[in-house]
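First comes the structure, then the notes that go with it.
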Amino acid sequence: MRPAPGETLVVPVPSILARWLPDEPVIVTGATTALGRSIDLAALPLPTGGERIRNLRIGHGVHLPYAIRLTAGDVMRLPFTGGQVELLSHPLAGKVRIDAADCPPLIVTLDDTTARPVGTGPAARAVRAGQRRTSARQLRLKALESALDRHIATAMAAPTQSDAQAVTLALYTPRWRGPAAATVNLFNRALPIPVDDSHPEDLSAAEIETCAARIAYLPIDRLVMSGCDPSMRKLVEAIRRRRPIATDLLWHSSFLQMGEPADWGLLQMWLDAASAGHIRRIGVVKKGLDGFLRSLGFDAAFVQNRVAVDPAGIRPTDARDSAGIWLSGSSHYRKLPYATLCALSELRHITVSGAGFDSRALALIEELGLRIGEISPDPLRPGDLRAALRKTAITLSITTSECLPMLPLESLAEGVPCLIGPSCHLFRDHPELRAVYVADRPGQPHQLAGKIRDALAATGELFPKLTAYMTAWNEASVASVDALICGGSAHRVASRRTSV
Amino acid sequence: MVAREPSARTPQSEQRATGTDNTPSSNRHRLTLADAADDRTVAGESDQSPALGEAPPGRNAAAEPAPACHIVESVGGRALSRHLAPPVPPARIIFDLSALVEAAESARLIEACLRSTELTSVVLVDGPLARRFAGLLLNRIPDINVLYILNAGLCWQSGDWEALRDLVGFQRHDPDRLKLLTIDDALTGAVTALGGSALPCRLRPVSARRRPRMGRVALLIGRGTGETPSHGHVAAIAAIAVAEAGDRVGAILVPEEMAHLTALLKSFGLGKRLLPYLTVEDALARLAGTPVVYVAPFPDGVVDLEALVVLDQGGLVLVGPGAVPLPDAVADAMSSPYWEQADELGVMLGALVQGYHKQWAMLHDSIREASRAPAADRATASPLLMSPAA
């Protein structure tokens with residue numbers, strides 16, 4: 001039963017530390033209230049553990065007199081609600097908003113057709129707690145079932161390019177913008193899990209079982225897990241209990257991210273699943289990582305991301321002197337826009353638009369006196385991103401580390417060239433395009449300014465070459481997906497891995 | 001630490017050597033005067049390097065700016081000081097801030113040094129202490145000029161932007177006495193946007209060093225600047241290199257605080273080769289005479305001071321773009337803009353290990369050839385900047 005229009009669900013606001021850091025130690029290096037007042041970390045009580053660290057050294061230059069290390073189960077009592085804490089060591093570290101774990105639950109109003117929240121407000125206190133929990137759980141499951149049914153109907157009705165694609169279902173997480181965009185472009189049948197933008201780790205055991213029950217009996221021979229959170233691993237297990245389906249993994253992280261303990265933990269979890277025979281083959285979108293995983297004894301294949309459009313129909317943008325920086329908020333260190341913003345300070349005629357900017361980037365734009373167009377602090381949804389892209393003359397995605405980013409491909413699909421860093425193999429095999437659209441020094445503003453100037457000037461001449469390049473690129477992408485889902489049966493080479 | 005260049009010995013170092021140091025005991029452990037030969041012991045022993053205190057062959061001494069006092073942080077800063085090309089004035093005295101605790105005390109000592117040597121120019125090499133120190137120096141010593149060497153990139157997470165803003169503020173207050181120089185012109189635009197002005201400066205390649213002995217090649221994993229706080233690709237690079245080069249790879253030295261990197265390397269079967277180290281100086285001391293490759297490919301655009309130290313000690317490097325000045329002949333073998341592409345860098349590292357002495361010879365042949373070239377070819381000296389003696 002779907003919730004009636006205007007019907008409400010009651011869900012607790014999760015503790016952000018509990019939700020994001022279930023297994024991962026975290027180091028708290030600072031805390032400020034919502035009014036910006038710094039909190040003395042030394043004065044914060046740690047009732048259930050936690051380690052106080054003095055003289056913390058970060059890299060070469062940063063020396064902090066005091067920090068607090070928390071592991072799962074530790075509680076740090078904050079004397080405020082709202083505000084920010086600064087975290088170290090977690091891939092999602094940075095400044096995060098804090099909602100106290102014991103703050104009142106909110107009412108979330110669901111949209112009838114999409115089952116997405118459309119409004120929030122404090123819960124009515126008159127409702128009895130027991131009734132509220134029961135009602136919330138049941139209503140949420142019903143909403144999930146109905147949303148799943150709609151998405152499954154859409155996915156299974158989609159036209160397919162091959163027999164293999166017709167019997168393959170890819171599962172992805174809408175919250176992770178890049179992997180989600182990649183998945184829906186690579187696979188004809190794709191299903192969002194969760195069905196909305198919520199965090200996959202917020203799925204309850206009952207919700208995972210509900211998803212498994214719907215997926216296990218679909219007319220498919222193959223699953224591709226394109227979301228890699230622990231809840232997706234549980235979902236694989238739940239599906240296997242009902243019906244063993246050949247399952248592949250599509251891994252969206254890079255070599256670099258193995259150095260993040262949380263990311264490495266996830267990769268280990270999936271490698272263990274592969275070792276146990278629950279994952280047949282591992283697709284990777286970082287070129288070269290497939291060979292490395294094979295050297296560790298796993299069946300792995302490279303999958304090349306694409307945007308499923310016909311490049312021949314793409315027309316170059318009419319926009320002039322405007323640049324876009326579109327961030328998804330997925331990294332606190334791999335995709336920083338600051339050097340690019342500094343570069344734009346040398347190009348005073350260019351207007352900058354963008355999304356996903358943190359407070360430092362917003363402050364930098366103001367301090368540098370850049371000409372600004374449309375700026376959104378939050379990442380854009382896919383439809384909004386496409387519209388925003390079309391209003392700019394160039395996309396600046398000069399990041400330091402990527403697998404195979406979707407943004408440059410999405411930008412090209414909208415007729416807007418994209419300048420990238422030397423972080424992926426895009427343009428590497430085309431010297432002329434590489435010379436113009438790859439900035440070898442992503443951290444050096446002056447070099448970036450020159451590259452932006454050159455790239456803007458080259459659009460008219462190089463756009464036909466860009467579309468021709470995309471045509472060949474997309475053909476290679478289709479072949480790479482076929483290699484993932486149609487390749488031979490999983491085989492194990494002699495493992496050199498010792499304790500992965 | 002204060003290092004005096006180019007004289008081979010100072011009274012203080014003689015005192016230290018002979019045990020007749022009269023420095024008050026409260027200062028003795030923190031303040032030591034060292035001659036430049038301490039840093040150049042290897043060079044001094046090598047017949048391949050120019051003698052200490054002499055201008056390199058072919059250098060036009062008349063065009064060389066008057067010497068100055070270089071203020072640095074740590075052994076890495078000292079290495080960078082030696083690589084600064086004209087028109088940055090060469091060091092007559094090197095003052096190492098990292099050995100001192102109080103900024104005021106440091107300023108007092110520098111003031112005394114400058115007065116005793118009649119130097120009027122100071123070259124401040126970028127670093128956390130130097131940033132705090134610049135304003136203090138300008139306020140305390142009214143008759144000196146300061147050239148501040150900005151690094152080639154900003155470490156945003158370490159407060160570099162705020163520091164740059166402060167420096168530009170100092171410059172706007174006293175533009176005749178504080179000049180900002182940016183390596184590779186990288187921050188010119190940013191400084192201008194903040195209302196200041198910056199001039200370009202360049203680095204020159206390392207000096208020739210003594211050839212290491214034959215034997216297995218040690219890998220020295222660098223810390224990086226912390227701006228890219230992950231070494232996952234480095235672990236994969238090391239694993240691939242060991243697969244490529246086998247037993248040609250000896251010990252793998254890992255910063256002792258990097259527990260996750262150590263765990264990764266163990267996961268990849270490299271546990272038996274791992275040795276922890278605290279500082280690069282300590283690591284190099286343990287590896288004396290051993291072929292070593294410093295591995296720290298990062299994208300930050302920041303000059304890697306530890307890589308400079310390793311090159312100065314005769315090792316090889318595998319680094320990201322712009323991390324150190326490398327001759328063209330070896331740049332492609334020791335550096336790649338695709339710094340994260342571990343599969344490719346692993347093969348590069350394997351090749352460096354297997355062809356270590358060939359690469360070493362190419363590096364040092366290039367350096368010697370460069371040093372024989374006319375001065376105008378080596379350093380396109382822009383009309384300076386600032387007259388250090390002015």
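A note on labels: chains of the structure tokens are A, B, ... as shown, every chain counts residues from 1, and ligands are counted from 1 in their shown order.
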Closest-contact table, chain B side, partner chain A, 9 Å, counting only C-alpha atoms, as JSON lines:
```
{"residue": "B:Gly127", "atom": "CA", "partner": "A:Gly61", "partner_atom": "CA", "distance": 7.4}
{"residue": "B:Pro128", "atom": "CA", "partner": "A:Gly61", "partner_atom": "CA", "distance": 5.9}
{"residue": "B:Leu129", "atom": "CA", "partner": "A:Gly61", "partner_atom": "CA", "distance": 8.9}
{"residue": "B:Ala152", "atom": "CA", "partner": "A:Gln444", "partner_atom": "CA", "distance": 6.8}
{"residue": "B:Gly153", "atom": "CA", "partner": "A:Gln444", "partner_atom": "CA", "distance": 5.5}
{"residue": "B:Leu154", "atom": "CA", "partner": "A:Gly443", "partner_atom": "CA", "distance": 7.3}
{"residue": "B:Trp156", "atom": "CA", "partner": "A:Tyr338", "partner_atom": "CA", "distance": 7.9}
{"residue": "B:Gln157", "atom": "CA", "partner": "A:Tyr333", "partner_atom": "CA", "distance": 8.6}
{"residue": "B:Ser158", "atom": "CA", "partner": "A:Val62", "partner_atom": "CA", "distance": 5.8}
{"residue": "B:Gly159", "atom": "CA", "partner": "A:Val62", "partner_atom": "CA", "distance": 8.4}
{"residue": "B:Asp184", "atom": "CA", "partner": "A:His446", "partner_atom": "CA", "distance": 8.8}
{"residue": "B:Asp185", "atom": "CA", "partner": "A:His446", "partner_atom": "CA", "distance": 6.6}
{"residue": "B:Ala186", "atom": "CA", "partner": "A:His446", "partner_atom": "CA", "distance": 4.9}
{"residue": "B:Leu187", "atom": "CA", "partner": "A:His446", "partner_atom": "CA", "distance": 6.2}
{"residue": "B:Thr188", "atom": "CA", "partner": "A:His446", "partner_atom": "CA", "distance": 6.7}
{"residue": "B:Gly189", "atom": "CA", "partner": "A:Glu346", "partner_atom": "CA", "distance": 5.4}
{"residue": "B:Ala190", "atom": "CA", "partner": "A:Cys342", "partner_atom": "CA", "distance": 5.5}
{"residue": "B:Thr192", "atom": "CA", "partner": "A:Glu346", "partner_atom": "CA", "distance": 8.4}
{"residue": "B:Ala193", "atom": "CA", "partner": "A:Leu368", "partner_atom": "CA", "distance": 5.7}
{"residue": "B:Leu194", "atom": "CA", "partner": "A:Leu368", "partner_atom": "CA", "distance": 6.7}
{"residue": "B:Arg223", "atom": "CA", "partner": "A:Gly59", "partner_atom": "CA", "distance": 7.0}
{"residue": "B:Gly224", "atom": "CA", "partner": "A:Gly59", "partner_atom": "CA", "distance": 7.2}
{"residue": "B:Thr225", "atom": "CA", "partner": "A:Gly59", "partner_atom": "CA", "distance": 5.5}
{"residue": "B:Gly226", "atom": "CA", "partner": "A:Gly59", "partner_atom": "CA", "distance": 4.3}
{"residue": "B:Glu227", "atom": "CA", "partner": "A:Tyr333", "partner_atom": "CA", "distance": 7.1}
{"residue": "B:Thr228", "atom": "CA", "partner": "A:Tyr333", "partner_atom": "CA", "distance": 6.3}
{"residue": "B:Pro229", "atom": "CA", "partner": "A:Tyr333", "partner_atom": "CA", "distance": 7.7}
{"residue": "B:Ser230", "atom": "CA", "partner": "A:Gly259", "partner_atom": "CA", "distance": 4.7}
{"residue": "B:His231", "atom": "CA", "partner": "A:Gly259", "partner_atom": "CA", "distance": 4.9}
{"residue": "B:Gly232", "atom": "CA", "partner": "A:Gly259", "partner_atom": "CA", "distance": 3.6}
{"residue": "B:His233", "atom": "CA", "partner": "A:Leu256", "partner_atom": "CA", "distance": 4.5}
{"residue": "B:Val234", "atom": "CA", "partner": "A:Leu256", "partner_atom": "CA", "distance": 7.8}
{"residue": "B:Ala235", "atom": "CA", "partner": "A:Gly259", "partner_atom": "CA", "distance": 8.1}
{"residue": "B:Ala236", "atom": "CA", "partner": "A:Phe255", "partner_atom": "CA", "distance": 7.1}
{"residue": "B:Ile240", "atom": "CA", "partner": "A:Phe292", "partner_atom": "CA", "distance": 7.9}
{"residue": "B:His260", "atom": "CA", "partner": "A:Pro261", "partner_atom": "CA", "distance": 6.8}
{"residue": "B:Leu261", "atom": "CA", "partner": "A:Gly259", "partner_atom": "CA", "distance": 6.7}
{"residue": "B:Leu264", "atom": "CA", "partner": "A:Gly259", "partner_atom": "CA", "distance": 7.8}
{"residue": "B:Lys266", "atom": "CA", "partner": "A:Ser499", "partner_atom": "CA", "distance": 7.6}
{"residue": "B:Ser267", "atom": "CA", "partner": "A:Ser499", "partner_atom": "CA", "distance": 5.0}
{"residue": "B:Phe268", "atom": "CA", "partner": "A:Arg497", "partner_atom": "CA", "distance": 5.8}
{"residue": "B:Gly269", "atom": "CA", "partner": "A:Thr498", "partner_atom": "CA", "distance": 5.6}
{"residue": "B:Phe298", "atom": "CA", "partner": "A:Thr400", "partner_atom": "CA", "distance": 8.9}
{"residue": "B:Pro299", "atom": "CA", "partner": "A:Thr400", "partner_atom": "CA", "distance": 6.4}
{"residue": "B:Asp300", "atom": "CA", "partner": "A:Gly443", "partner_atom": "CA", "distance": 5.3}
{"residue": "B:Gly301", "atom": "CA", "partner": "A:Gly443", "partner_atom": "CA", "distance": 5.0}
{"residue": "B:Val302", "atom": "CA", "partner": "A:Gly443", "partner_atom": "CA", "distance": 7.9}
{"residue": "B:Pro321", "atom": "CA", "partner": "A:Arg441", "partner_atom": "CA", "distance": 6.8}
{"residue": "B:Gly322", "atom": "CA", "partner": "A:Arg441", "partner_atom": "CA", "distance": 7.7}
{"residue": "B:Pro337", "atom": "CA", "partner": "A:Asp440", "partner_atom": "CA", "distance": 5.6}
{"residue": "B:Tyr338", "atom": "CA", "partner": "A:Pro422", "partner_atom": "CA", "distance": 5.3}
{"residue": "B:Trp339", "atom": "CA", "partner": "A:Ser423", "partner_atom": "CA", "distance": 7.9}
{"residue": "B:Glu340", "atom": "CA", "partner": "A:Leu256", "partner_atom": "CA", "distance": 6.6}
{"residue": "B:Gln341", "atom": "CA", "partner": "A:Gly288", "partner_atom": "CA", "distance": 7.3}
{"residue": "B:Ala342", "atom": "CA", "partner": "A:Phe255", "partner_atom": "CA", "distance": 6.7}
{"residue": "B:Asp343", "atom": "CA", "partner": "A:Gly288", "partner_atom": "CA", "distance": 5.6}
{"residue": "B:Glu344", "atom": "CA", "partner": "A:Gly288", "partner_atom": "CA", "distance": 8.0}
```
Show which residues sit within 10 Å of His364 (chain B), as a VMD selection string. Count only C-alpha atoms, and ignore same-chain residues fewer than 3 positions away. chain B and resid 48 to 49 205 to 211 314 327 330 359 to 361 367 to 370
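All residues of protein, DNA or RNA that reach within 8 Å of Ala323 (chain A), judged by only C-alpha atoms and not counting those fewer than 5 positions away in the chain, are A:Ile350, A:Thr351, A:Val352, A:Ser353, A:Thr392, A:Ala393, A:Ile394, A:Thr395, A:Leu396.
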Which residue, A:Thr340, A:Thr317, A:Thr459, A:Ile485, has the smallest gap to Ala166 (chain A) when you use only C-alpha atoms?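 Selected residue with least distance to Ala166 (chain A): A:Ile485.
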Please provide the set of residues having any atom within 7 Å of Gly77 (chain B), restricted to only C-alpha atoms, with same-chain residues fewer than 4 positions apart removed, written as a ChimeraX atom specification. /B:72-73,81,125,305
